[in-house]
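Shown next: entry-v6.csv, given as CSV, C-alpha atoms.
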chain,number,residue,atom,x,y,z
A,1,MET,CA,-18.9,4.4,-11.2
A,2,VAL,CA,-15.2,5.0,-10.4
A,3,MET,CA,-14.3,8.6,-9.5
A,4,SER,CA,-12.0,10.4,-12.0
A,5,VAL,CA,-9.4,11.8,-9.7
A,6,LYS,CA,-5.9,13.0,-10.7
A,7,ARG,CA,-3.5,10.8,-8.8
A,8,TYR,CA,-0.4,12.6,-7.5
A,9,ILE,CA,2.0,9.9,-8.7
A,10,SER,CA,0.9,10.4,-12.3
A,11,LYS,CA,3.3,13.4,-12.6
A,12,GLN,CA,6.1,11.3,-11.1
A,13,ILE,CA,5.4,8.4,-13.5
A,14,THR,CA,5.3,10.8,-16.5
A,15,GLU,CA,8.7,12.2,-15.5
A,16,CYS,CA,10.0,8.7,-15.2
A,17,LEU,CA,8.9,7.8,-18.7
A,18,GLU,CA,10.2,11.0,-20.2
A,19,ASP,CA,13.6,10.2,-18.6
A,20,GLY,CA,13.7,7.0,-20.6
A,21,ASP,CA,13.0,4.6,-17.7
A,22,ILE,CA,10.3,1.9,-17.5
A,23,ALA,CA,7.6,2.8,-14.9
A,24,ILE,CA,6.4,-0.1,-12.7
A,25,VAL,CA,3.2,0.6,-10.7
A,26,TYR,CA,2.3,-1.7,-7.8
A,27,GLY,CA,-0.9,-1.6,-5.9
A,28,ALA,CA,-3.7,-3.7,-4.5
A,29,ARG,CA,-6.5,-4.8,-6.8
A,30,GLN,CA,-9.1,-2.1,-7.5
A,31,THR,CA,-6.9,0.8,-6.3
A,32,GLY,CA,-7.1,2.4,-9.8
A,33,LYS,CA,-4.0,1.2,-11.6
A,34,THR,CA,-5.8,0.7,-14.9
A,35,THR,CA,-7.6,4.1,-14.6
A,36,LEU,CA,-4.2,5.8,-13.8
A,37,ALA,CA,-2.6,4.1,-16.8
A,38,ASN,CA,-5.4,5.3,-19.1
A,39,MET,CA,-5.1,8.8,-17.8
A,40,ILE,CA,-1.4,8.8,-18.7
A,41,ARG,CA,-2.2,7.3,-22.1
A,42,GLU,CA,-4.1,10.5,-22.9
A,43,GLN,CA,-0.8,12.4,-22.9
A,44,TYR,CA,0.4,10.4,-26.0
A,45,PRO,CA,-1.0,10.6,-29.6
A,46,SER,CA,-0.6,6.8,-29.9
A,47,SER,CA,-0.8,4.2,-27.2
A,48,LEU,CA,-1.4,0.5,-26.7
A,49,TYR,CA,-3.1,-1.2,-23.7
A,50,LEU,CA,-2.3,-4.8,-23.1
A,51,ASN,CA,-4.4,-6.6,-20.4
A,52,CYS,CA,-2.5,-9.6,-19.2
A,53,ASP,CA,-5.6,-11.2,-17.7
A,54,GLU,CA,-6.3,-12.1,-21.3
A,55,PRO,CA,-4.6,-15.5,-22.3
A,56,ASP,CA,-3.8,-14.4,-25.9
A,57,ILE,CA,-2.1,-11.2,-24.6
A,58,ARG,CA,0.0,-13.3,-22.2
A,59,THR,CA,1.0,-15.6,-25.1
A,60,SER,CA,1.9,-12.6,-27.3
A,61,LEU,CA,4.3,-11.3,-24.7
A,62,THR,CA,6.0,-14.7,-23.7
A,63,ASN,CA,9.2,-15.9,-25.3
A,64,LYS,CA,9.0,-13.5,-28.3
A,65,SER,CA,11.8,-12.0,-30.4
A,66,SER,CA,12.2,-8.2,-30.7
A,67,THR,CA,10.8,-8.5,-34.2
A,68,GLU,CA,7.7,-10.3,-33.0
A,69,LEU,CA,7.2,-7.7,-30.2
A,70,LYS,CA,7.6,-4.9,-32.7
A,71,SER,CA,4.9,-6.5,-34.8
A,72,LEU,CA,2.6,-6.4,-31.8
A,73,ILE,CA,3.5,-2.9,-30.7
A,74,GLY,CA,3.7,-1.3,-34.2
A,75,ASN,CA,4.5,2.5,-34.1
A,76,THR,CA,2.9,3.0,-30.8
A,77,GLN,CA,4.6,5.6,-28.6
A,78,PHE,CA,3.3,4.4,-25.2
A,79,VAL,CA,2.6,0.8,-24.1
A,80,VAL,CA,0.8,-0.2,-20.9
A,81,VAL,CA,1.2,-3.8,-19.7
A,82,ASP,CA,-1.5,-4.3,-17.1
A,83,GLU,CA,-1.3,-7.1,-14.5
A,84,ALA,CA,2.1,-7.8,-15.9
A,85,GLN,CA,2.8,-10.4,-13.2
A,86,ARG,CA,0.7,-12.9,-15.2
A,87,VAL,CA,3.3,-13.0,-17.9
A,88,LYS,CA,6.2,-15.5,-17.5
A,89,ASP,CA,9.6,-13.7,-17.6
A,90,ILE,CA,7.9,-10.3,-18.2
A,91,GLY,CA,11.1,-8.6,-17.1
A,92,LEU,CA,13.1,-10.1,-20.0
A,93,THR,CA,10.3,-9.1,-22.4
A,94,ALA,CA,10.3,-5.5,-21.1
A,95,LYS,CA,14.1,-5.3,-21.2
A,96,LEU,CA,14.0,-6.4,-24.9
A,97,ILE,CA,11.4,-3.8,-25.8
A,98,HIS,CA,13.3,-1.1,-23.9
A,99,ASP,CA,16.8,-1.8,-25.2
A,100,THR,CA,15.7,-2.5,-28.8
A,101,TYR,CA,13.2,0.3,-29.1
A,102,PRO,CA,14.2,3.0,-26.6
A,103,ASP,CA,11.7,5.6,-27.9
A,104,ILE,CA,8.8,3.5,-26.7
A,105,LYS,CA,7.5,4.5,-23.3
A,106,LEU,CA,6.7,1.4,-21.2
A,107,LEU,CA,4.4,1.2,-18.1
A,108,LEU,CA,3.9,-2.1,-16.2
A,109,THR,CA,1.3,-2.6,-13.5
A,110,GLY,CA,1.0,-5.4,-11.0
A,111,SER,CA,-1.3,-6.3,-8.1
A,112,SER,CA,1.3,-8.5,-6.4
A,113,SER,CA,4.8,-7.3,-5.8
A,114,ILE,CA,6.1,-10.7,-5.1
A,115,ASP,CA,5.1,-12.2,-8.5
A,116,LEU,CA,6.1,-9.1,-10.5
A,117,ALA,CA,9.2,-8.2,-8.6
A,118,ASN,CA,10.6,-11.7,-8.9
A,119,THR,CA,10.6,-11.5,-12.7
A,120,ILE,CA,11.7,-7.9,-13.2
A,121,LYS,CA,14.2,-7.0,-10.6
A,122,GLU,CA,17.3,-8.4,-12.3
A,123,PRO,CA,16.5,-7.8,-16.0
A,124,LEU,CA,15.4,-4.2,-15.4
A,125,THR,CA,18.1,-3.1,-13.0
A,126,GLY,CA,19.0,0.4,-13.9
A,127,ARG,CA,16.2,0.6,-16.4
A,128,SER,CA,13.1,1.1,-14.2
A,129,LYS,CA,11.5,3.0,-11.3
A,130,GLU,CA,8.9,1.6,-9.0
A,131,PHE,CA,5.8,3.3,-7.6
A,132,ILE,CA,3.0,2.2,-5.2
A,133,LEU,CA,-0.5,3.3,-6.0
A,134,TYR,CA,-2.4,3.6,-2.7
A,135,PRO,CA,-6.1,4.1,-2.4
A,136,PHE,CA,-7.1,7.8,-2.6
A,137,ALA,CA,-5.0,10.1,-0.4
A,138,SER,CA,-6.5,13.0,1.5
A,139,SER,CA,-4.7,15.4,-0.8
A,140,GLU,CA,-6.4,13.8,-3.9
A,141,ILE,CA,-10.0,14.0,-2.7
A,142,ALA,CA,-10.0,17.2,-0.5
A,143,VAL,CA,-9.5,20.7,-2.0
A,144,SER,CA,-8.7,22.2,1.4
A,145,SER,CA,-7.6,21.3,4.9
A,146,ILE,CA,-11.2,22.1,6.1
A,147,GLU,CA,-12.7,19.6,3.7
A,148,ALA,CA,-10.0,17.1,4.6
A,149,GLU,CA,-11.1,17.3,8.2
A,150,ARG,CA,-14.7,16.9,7.3
A,151,LEU,CA,-13.9,13.7,5.3
A,152,VAL,CA,-12.0,12.0,8.1
A,153,GLU,CA,-14.9,10.1,9.6
A,154,LYS,CA,-15.9,8.7,6.2
A,155,ASN,CA,-12.3,7.7,5.6
A,156,LEU,CA,-12.1,6.0,9.0
A,157,ILE,CA,-15.2,3.9,8.3
A,158,TYR,CA,-15.2,3.3,4.5
A,159,GLY,CA,-11.6,3.8,3.6
A,160,SER,CA,-10.7,5.4,0.3
A,161,TYR,CA,-10.9,2.7,-2.4
A,162,PRO,CA,-11.7,4.7,-5.7
A,163,LYS,CA,-14.9,2.7,-6.5
A,164,ALA,CA,-16.3,2.9,-2.9
A,165,TRP,CA,-15.6,6.5,-2.3
A,166,PRO,CA,-18.5,8.1,-4.3
A,167,MET,CA,-21.0,5.4,-3.2
A,168,SER,CA,-23.7,5.7,-0.6
A,169,HIS,CA,-22.8,4.3,2.8
A,170,LYS,CA,-24.9,1.2,2.2
A,171,ASP,CA,-23.4,0.6,-1.3
A,172,ALA,CA,-19.9,1.2,-0.1
A,173,ALA,CA,-20.4,-1.3,2.8
A,174,ASP,CA,-21.8,-3.9,0.4
A,175,TYR,CA,-18.9,-3.4,-2.0
A,176,LEU,CA,-16.3,-3.7,0.7
A,177,ARG,CA,-17.9,-6.8,2.2
A,178,ASN,CA,-17.8,-8.4,-1.3
A,179,LEU,CA,-14.2,-7.3,-1.9
A,180,THR,CA,-13.0,-8.8,1.4
A,181,SER,CA,-14.8,-12.0,1.0
A,182,GLY,CA,-14.1,-12.8,-2.6
A,183,TYR,CA,-11.0,-11.0,-4.0
A,184,LEU,CA,-9.0,-9.6,-1.2
A,185,TYR,CA,-6.0,-11.9,-1.3
A,186,ARG,CA,-6.4,-13.3,-4.8
A,187,ASP,CA,-3.1,-11.8,-5.8
A,188,ALA,CA,-1.3,-12.7,-2.6
A,189,PHE,CA,-1.9,-16.5,-2.9
A,190,ASN,CA,-1.6,-17.6,-6.5
A,191,SER,CA,-2.0,-21.1,-7.9
A,192,ASN,CA,1.6,-21.9,-7.2
A,193,ILE,CA,1.3,-21.2,-3.4
A,194,GLU,CA,-0.2,-23.7,-1.0
A,195,TYR,CA,-2.4,-22.2,1.6
A,196,ASN,CA,-5.5,-22.8,3.7
A,197,ALA,CA,-8.2,-20.3,2.8
A,198,THR,CA,-10.1,-20.7,6.0
A,199,ILE,CA,-6.9,-20.0,8.1
A,200,VAL,CA,-6.1,-16.9,5.9
A,201,ASP,CA,-9.6,-15.6,6.5
A,202,ASP,CA,-9.2,-16.1,10.3
A,203,LEU,CA,-5.7,-14.5,10.2
A,204,LEU,CA,-7.0,-11.4,8.4
A,205,ARG,CA,-9.8,-11.0,10.9
A,206,LEU,CA,-7.4,-11.5,13.8
A,207,LEU,CA,-5.1,-8.8,12.4
A,208,ALA,CA,-8.1,-6.5,11.9
A,209,PHE,CA,-9.0,-6.8,15.6
A,210,GLN,CA,-5.3,-6.3,16.6
A,211,VAL,CA,-4.6,-3.0,14.7
A,212,GLY,CA,-2.4,-0.8,16.8
A,213,SER,CA,-1.4,-3.7,19.2
A,214,GLU,CA,1.8,-5.6,19.2
A,215,MET,CA,1.7,-8.9,17.5
A,216,SER,CA,3.6,-12.1,18.4
A,217,TYR,CA,3.9,-14.7,15.6
A,218,SER,CA,3.9,-17.4,18.3
A,219,GLU,CA,0.7,-16.2,19.9
A,220,VAL,CA,-1.1,-15.9,16.6
A,221,ALA,CA,0.2,-19.3,15.5
A,222,THR,CA,-1.2,-20.9,18.7
A,223,ARG,CA,-4.6,-19.3,18.2
A,224,LEU,CA,-4.9,-20.4,14.6
A,225,GLY,CA,-3.3,-23.9,15.2
A,226,ILE,CA,-0.5,-23.4,12.7
A,227,SER,CA,3.2,-22.9,12.9
A,228,LYS,CA,4.9,-19.6,13.6
A,229,ASP,CA,6.7,-19.8,10.2
A,230,THR,CA,3.4,-20.2,8.4
A,231,VAL,CA,2.0,-17.1,10.1
A,232,SER,CA,5.1,-15.2,9.1
A,233,ARG,CA,4.9,-16.4,5.5
A,234,TYR,CA,1.2,-15.6,5.2
A,235,ILE,CA,1.6,-12.1,6.5
A,236,ASP,CA,4.6,-11.5,4.2
A,237,LEU,CA,2.4,-12.5,1.3
A,238,LEU,CA,-0.4,-10.3,2.4
A,239,GLU,CA,2.0,-7.4,2.7
A,240,LYS,CA,3.4,-8.0,-0.8
A,241,ALA,CA,-0.2,-7.8,-2.1
A,242,PHE,CA,-0.7,-4.4,-0.4
A,243,ILE,CA,-3.3,-5.5,2.1
A,244,VAL,CA,-1.3,-5.0,5.3
A,245,PHE,CA,2.0,-3.6,6.3
A,246,ARG,CA,4.2,-4.1,9.4
A,247,LEU,CA,6.1,-1.7,11.6
A,248,PRO,CA,9.1,-3.0,13.6
A,249,GLN,CA,10.2,-1.7,16.9
A,250,PHE,CA,12.5,1.3,17.0
A,251,ARG,CA,16.0,0.7,18.4
A,252,ARG,CA,19.2,2.6,17.7
A,253,ASN,CA,20.9,-0.7,17.7
A,254,GLN,CA,19.2,-2.3,14.7
A,255,ARG,CA,20.6,-5.7,15.5
A,256,ASN,CA,18.1,-5.8,18.4
A,257,GLU,CA,15.2,-5.7,15.9
A,258,ILE,CA,15.7,-9.4,15.0
A,259,GLY,CA,13.0,-11.5,16.5
A,260,LYS,CA,11.2,-8.5,18.1
A,261,LEU,CA,7.4,-8.0,18.0
A,262,ARG,CA,5.7,-6.2,15.2
A,263,LYS,CA,2.6,-4.1,14.7
A,264,VAL,CA,0.4,-4.7,11.7
A,265,TYR,CA,-1.8,-2.1,9.9
A,266,PHE,CA,-4.0,-2.1,6.9
A,267,TYR,CA,-3.4,-0.1,3.7
A,268,ASP,CA,-7.1,0.8,3.7
A,269,LEU,CA,-9.6,1.0,6.7
A,270,GLY,CA,-12.6,0.1,4.5
A,271,ILE,CA,-10.9,-3.2,4.0
A,272,ARG,CA,-10.2,-3.6,7.7
A,273,ASN,CA,-13.8,-2.8,8.7
A,274,GLY,CA,-15.1,-5.1,6.0
A,275,LEU,CA,-13.2,-8.0,7.4
A,276,ILE,CA,-14.9,-7.5,10.8
A,277,ASP,CA,-18.1,-6.3,9.2
A,278,ASN,CA,-18.3,-3.1,11.3
A,279,PHE,CA,-19.3,0.1,9.5
A,280,GLN,CA,-20.9,1.7,12.4
A,281,PRO,CA,-20.5,5.5,13.0
A,282,LEU,CA,-17.6,6.5,15.2
A,283,LYS,CA,-19.8,7.4,18.1
A,284,TYR,CA,-20.8,3.8,18.5
A,285,ARG,CA,-17.3,2.3,18.2
A,286,ASN,CA,-14.8,1.1,20.8
A,287,ASP,CA,-11.9,0.9,18.3
A,288,LEU,CA,-11.6,4.6,17.4
A,289,GLY,CA,-8.1,4.8,18.8
A,290,ALA,CA,-6.9,1.9,16.5
A,291,LEU,CA,-8.7,3.4,13.5
A,292,TRP,CA,-7.1,6.8,14.1
A,293,GLU,CA,-3.7,5.4,14.5
A,294,ASN,CA,-3.9,3.3,11.3
A,295,TYR,CA,-5.4,6.3,9.4
A,296,CYS,CA,-2.6,8.7,10.5
A,297,ILE,CA,0.2,6.3,9.6
A,298,ILE,CA,-1.1,5.3,6.1
A,299,GLU,CA,-2.0,8.9,5.2
A,300,ARG,CA,1.5,9.9,6.3
A,301,LYS,CA,3.0,7.3,4.0
A,302,LYS,CA,1.0,8.8,1.1
A,303,LYS,CA,2.0,12.3,1.9
A,304,LEU,CA,5.7,11.4,2.0
A,305,GLN,CA,5.3,9.5,-1.3
A,306,LYS,CA,3.7,12.6,-2.8
A,307,ASP,CA,6.6,14.8,-1.6
A,308,GLU,CA,9.1,12.1,-2.9
A,309,ILE,CA,10.6,11.8,0.6
A,310,TYR,CA,12.1,8.4,1.5
A,311,SER,CA,11.5,7.4,5.2
A,312,ARG,CA,11.6,4.5,7.6
A,313,HIS,CA,8.8,4.0,10.1
A,314,TYR,CA,8.8,2.2,13.5
A,315,TYR,CA,6.9,2.2,16.7
A,316,TRP,CA,8.6,2.4,20.2
A,317,ARG,CA,7.7,0.7,23.4
A,318,SER,CA,9.4,0.2,26.7
A,319,SER,CA,9.1,-2.8,29.0
A,320,ILE,CA,7.7,-0.3,31.6
A,321,PRO,CA,3.9,-0.2,31.3
A,322,HIS,CA,2.3,2.8,29.4
A,323,GLN,CA,5.6,3.9,27.9
A,324,GLU,CA,5.1,3.7,24.1
A,325,ILE,CA,5.0,5.9,21.0
A,326,ASP,CA,2.8,5.2,18.0
A,327,LEU,CA,5.2,6.2,15.2
A,328,VAL,CA,8.9,7.0,15.0
A,329,GLU,CA,9.8,8.4,11.6
A,330,GLU,CA,13.3,8.5,10.2
A,331,VAL,CA,14.1,10.7,7.3
A,332,GLY,CA,17.7,10.9,6.4
A,333,ASN,CA,19.5,11.8,9.6
A,334,LYS,CA,16.4,13.3,11.2
A,335,ILE,CA,14.1,11.4,13.5
A,336,PHE,CA,10.6,12.4,14.8
A,337,ALA,CA,8.2,10.8,17.2
A,338,TYR,CA,4.4,11.0,16.9
A,339,GLU,CA,1.5,10.1,19.1
A,340,PHE,CA,-2.0,9.8,17.6
A,341,LYS,CA,-5.1,10.9,19.6
A,342,TYR,CA,-8.4,11.5,17.8
A,343,LYS,CA,-9.5,14.1,20.3
A,344,ASN,CA,-7.3,17.0,21.5
A,345,LYS,CA,-5.6,15.7,24.7
A,346,LYS,CA,-2.6,16.8,26.6
A,347,VAL,CA,-0.1,14.0,26.3
A,348,LYS,CA,3.4,14.1,27.7
A,349,VAL,CA,6.4,12.4,26.0
A,350,PRO,CA,7.1,9.1,27.7
A,351,THR,CA,9.8,9.6,30.4
A,352,VAL,CA,11.9,6.7,29.3
A,353,PHE,CA,11.9,7.8,25.7
A,354,ALA,CA,12.7,11.4,26.6
A,355,LYS,CA,15.6,10.2,28.7
A,356,GLU,CA,16.9,7.8,26.1
A,357,TYR,CA,16.3,10.0,23.1
A,358,PRO,CA,16.3,13.6,24.3
A,359,ASP,CA,17.0,15.1,20.9
A,360,ILE,CA,14.0,13.6,19.1
A,361,PRO,CA,11.1,16.0,18.6
A,362,TYR,CA,7.7,14.6,19.9
A,363,LEU,CA,4.3,15.7,18.5
A,364,VAL,CA,0.7,14.7,19.2
A,365,ILE,CA,-1.5,14.5,16.1
A,366,ASP,CA,-5.2,14.9,16.7
A,367,LYS,CA,-8.0,15.7,14.3
A,368,GLU,CA,-7.3,19.4,14.4
A,369,LYS,CA,-3.6,18.8,13.3
A,370,ILE,CA,-4.2,16.0,10.8
A,371,SER,CA,-4.1,18.3,7.8
A,372,ASP,CA,-0.6,19.6,8.5
A,373,PHE,CA,0.5,16.0,9.1
A,374,THR,CA,-1.0,14.5,5.9
A,375,LEU,CA,-1.5,17.3,3.4
Take the structure from the file and write it as structure tokens.
Amino acid sequence: MVMSVKRYISKQITECLEDGDIAIVYGARQTGKTTLANMIREQYPSSLYLNCDEPDIRTSLTNKSSTELKSLIGNTQFVVVDEAQRVKDIGLTAKLIHDTYPDIKLLLTGSSSIDLANTIKEPLTGRSKEFILYPFASSEIAVSSIEAERLVEKNLIYGSYPKAWPMSHKDAADYLRNLTSGYLYRDAFNSNIEYNATIVDDLLRLLAFQVGSEMSYSEVATRLGISKDTVSRYIDLLEKAFIVFRLPQFRRNQRNEIGKLRKVYFYDLGIRNGLIDNFQPLKYRNDLGALWENYCIIERKKKLQKDEIYSRHYYWRSSIPHQEIDLVEEVGNKIFAYEFKYKNKKVKVPTVFAKEYPDIPYLVIDKEKISDFTL
């Protein structure tokens, strides 16, 4: 059973629709896009749900005139086009509906930003707004900061996928194992993309073990026996399917970013732990630091999205050993530096960073401070 949780972006999506724009919701498979769309449907007296996994639905939306589309939609006020990336030239279809029948509210969802974005960017320029639906945020499943702190360990081990969250530990682990072995990158590598499934599996496990560590495309390529370009392309596709995301190095001179190392994190720690089949309690784990770092960064992303704050994220590292910072956050003309430690520890700002960037505030985020950081 999937939990019925009010998602914070539902209000933002409703406002987008009422402003007359098309709402486009991206997110990994099983993060609750259909559930969210159905919740929004309840706000309208008449609505239509079109599941593009169905061949006849795809046909009814492909190369159709405005009259044919009106015949399909009828007098419906609100239309959901689910898994819209499966429809060829869906952007042109959506544009035709929007321009010809402006009173109709239109919501598109997609599991792969590369497939959907490639067909909607140009036709819907100036007509749409995009949203990312993450797995549950702390602010969506915790009613207070105290409860949020109590749920941290569960989140670090089992993540926050909607279907897994209410399950028992055993059932959640089984669900996540099945998800990572069977469906995880289905939307990243479609039938038009050539790839080696065994190598992608190995790459994902390698990335899972390297969370929080710098990653060199060349080193990964050597370990997997493939080219550096193939590694980069695979990771790019995995990122566009909302499985992983990358952080570049922070430099004031952004030209120095080209060719630099990256860090790779997972959108959900349940997925990460499923890839390495490790759901042990935190007291038995040797990767707590990596889990905490990943958790803090992804929950921060959710928090900023909720507050509708645009930001850029980086990590910082000096060539001098032990001189690094987990997260550098840039919001407008303000920059903040964060270090993540699960337990309360006194940590000094790296001397090289303090000397080079004396005006950037530096904060250490531990379990006791996580609520302020993410809620």
**Request:** Rounded to one decimal place, report the atom CA of Leu238 of chain A-atom CA of Gly110 of chain A distance in Å.
**Result:** 14.3 Å
**Request:** To one decimal in Å, tell me the separation between atom CA of Arg41 of chain A and atom CA of Val79 of chain A.
**Result:** 8.3 Å
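With distances restricted to all atoms listed in the file, A:Asn118 is the closest residue to Lys240 of chain A from A:Ser4, A:Ser319, A:Thr34, A:Asn118.
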**Asked** Which residue out of A:Lys129, A:Tyr267, A:Asn273, A:Leu61 has the minimum interatomic distance to Lys88 of chain A when all atoms listed in the file are used?
**Response**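 Smallest separation from Lys88 of chain A among the options: A:Leu61.
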**Request:** Name the residues, using the chain letters and numbers of the file, that sit within 10 Å of (0.7, -17.4, 7.6) when counting all atoms listed in the file, and give them as a PyMOL selection string.
**Result:** chain A and resi 195-196+199-200+203-204+217+220-221+224+226-238
Non-local contacts of Gln77 of chain A (6 Å; all atoms listed in the file; under 4 positions in same chain excluded) as a short mmCIF file (atom, residue, chain, number, x, y, z; two decimals) with C-alpha atoms, in the frame of the given file:
data_model
loop_
_atom_site.label_atom_id
_atom_site.label_comp_id
_atom_site.auth_asym_id
_atom_site.auth_seq_id
_atom_site.Cartn_x
_atom_site.Cartn_y
_atom_site.Cartn_z
CA SER A 46 -0.60 6.80 -29.90
CA SER A 47 -0.80 4.20 -27.20
CA ILE A 104 8.80 3.50 -26.70
#
**Message:** Please report the interatomic distance between atom CA of Leu116 of chain A and atom CA of Tyr26 of chain A in Å with one decimal.
**Reply:** 8.7 Å
**Request:** Within 7 Å of Gly274 of chain A, counting all atoms listed in the file, which residues show up once you throw out same-chain ones fewer than 3 positions away? Write them as JSON, numbers by chain, please.
**Result:** {"A": [176, 177, 180, 270, 271, 277, 278]}
Selected residues written out with C-alpha atoms, as an mmCIF file, keeping the file's coordinate frame:
data_model
loop_
_atom_site.group_PDB
_atom_site.id
_atom_site.type_symbol
_atom_site.label_atom_id
_atom_site.label_comp_id
_atom_site.auth_asym_id
_atom_site.auth_seq_id
_atom_site.Cartn_x
_atom_site.Cartn_y
_atom_site.Cartn_z
ATOM 1 C CA LEU A 176 -16.300 -3.700 0.700
ATOM 2 C CA ARG A 177 -17.900 -6.800 2.200
ATOM 3 C CA THR A 180 -13.000 -8.800 1.400
ATOM 4 C CA GLY A 270 -12.600 0.100 4.500
ATOM 5 C CA ILE A 271 -10.900 -3.200 4.000
ATOM 6 C CA ASP A 277 -18.100 -6.300 9.200
ATOM 7 C CA ASN A 278 -18.300 -3.100 11.300
#
**Fill in**
Restricting to all atoms listed in the file, whichever of A:Ser71, A:Thr198, A:Asn178, A:Thr62 is closest to Val87 of chain A is A:Thr62
**Message:** Here is a test: counting only C-alpha atoms, which residue of A:Arg7, A:Lys70, A:Lys341, A:Lys355 is nearest to Glu293 of chain A?
**Reply:**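 Nearest to Glu293 of chain A: A:Lys341.
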Quick one: contact table of segment 24-47 of chain A to segment 157-164 of chain A, 10 Å max, nearest atom pair and distance in Å to one decimal per residue, counting all atoms listed in the file, chain and number order, as a Markdown table?
| residue | atom | partner | partner_atom | distance |
| --- | --- | --- | --- | --- |
| A:Ala28 | CA | A:Tyr161 | CA | 9.9 |
| A:Arg29 | CA | A:Tyr161 | CA | 9.7 |
| A:Gln30 | CA | A:Tyr161 | CA | 7.2 |
| A:Thr31 | CA | A:Tyr161 | CA | 5.9 |
| A:Gly32 | CA | A:Pro162 | CA | 6.6 |
| A:Thr35 | CA | A:Pro162 | CA | 9.8 |
**Request:** Quick one: everything within 8 Å of Leu69 of chain A, counting only C-alpha atoms, minus sequence neighbours fewer than 4 positions away in the same chain. Send it as a list in words.
**Result:** Ser60, Leu61, Lys64, Ser65, Ile73 and Ile97 of chain A
**Message:** When you count all atoms listed in the file, which of these residues is closest to Val25 of chain A: A:Ala94, A:Ala354, A:Leu375, A:Ala37?
**Reply:** A:Ala37
**Request:** For Pro123 of chain A, work out the shell of residues within 6 Å, counting all atoms listed in the file and skipping chain neighbours fewer than 3 positions away, then give it as a PyMOL selection string.
**Result:** chain A and resi 91-92+120
**Item:** Of the listed residues A:Asn155, A:Ser371, A:Ser213, A:Ser181, that which approaches Tyr265 of chain A most closely, counting all atoms listed in the file
**Value:**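 Of A:Asn155, A:Ser371, A:Ser213, A:Ser181, the one nearest Tyr265 of chain A, counting all atoms listed in the file, is A:Ser213.
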Fill-in result for segment 21-34 of chain A, N, CA and C atoms as a CSV table (one decimal), keeping the file's coordinate frame:
chain,number,residue,atom,x,y,z
A,21,ASP,N,13.0,5.8,-18.6
A,21,ASP,CA,13.0,4.6,-17.7
A,21,ASP,C,11.6,3.9,-17.9
A,22,ILE,N,11.6,2.6,-17.5
A,22,ILE,CA,10.3,1.9,-17.5
A,22,ILE,C,9.7,2.2,-16.1
A,23,ALA,N,8.4,2.5,-16.1
A,23,ALA,CA,7.6,2.8,-14.9
A,23,ALA,C,6.9,1.5,-14.5
A,24,ILE,N,7.1,1.1,-13.2
A,24,ILE,CA,6.4,-0.1,-12.7
A,24,ILE,C,5.5,0.4,-11.5
A,25,VAL,N,4.2,0.1,-11.7
A,25,VAL,CA,3.2,0.6,-10.7
A,25,VAL,C,2.7,-0.6,-10.0
A,26,TYR,N,2.9,-0.7,-8.6
A,26,TYR,CA,2.3,-1.7,-7.8
A,26,TYR,C,1.1,-1.2,-7.1
A,27,GLY,N,0.2,-2.1,-6.7
A,27,GLY,CA,-0.9,-1.6,-5.9
A,27,GLY,C,-1.9,-2.8,-5.8
A,28,ALA,N,-2.7,-2.7,-4.7
A,28,ALA,CA,-3.7,-3.7,-4.5
A,28,ALA,C,-4.8,-3.7,-5.6
A,29,ARG,N,-5.4,-4.8,-5.8
A,29,ARG,CA,-6.5,-4.8,-6.8
A,29,ARG,C,-7.6,-3.8,-6.5
A,30,GLN,N,-8.0,-3.1,-7.6
A,30,GLN,CA,-9.1,-2.1,-7.5
A,30,GLN,C,-8.7,-0.8,-6.8
A,31,THR,N,-7.4,-0.5,-6.8
A,31,THR,CA,-6.9,0.8,-6.3
A,31,THR,C,-6.8,1.8,-7.4
A,32,GLY,N,-7.1,1.4,-8.7
A,32,GLY,CA,-7.1,2.4,-9.8
A,32,GLY,C,-5.9,2.4,-10.7
A,33,LYS,N,-5.2,1.3,-10.7
A,33,LYS,CA,-4.0,1.2,-11.6
A,33,LYS,C,-4.4,1.3,-13.1
A,34,THR,N,-5.4,0.7,-13.5
A,34,THR,CA,-5.8,0.7,-14.9
A,34,THR,C,-6.3,2.1,-15.2
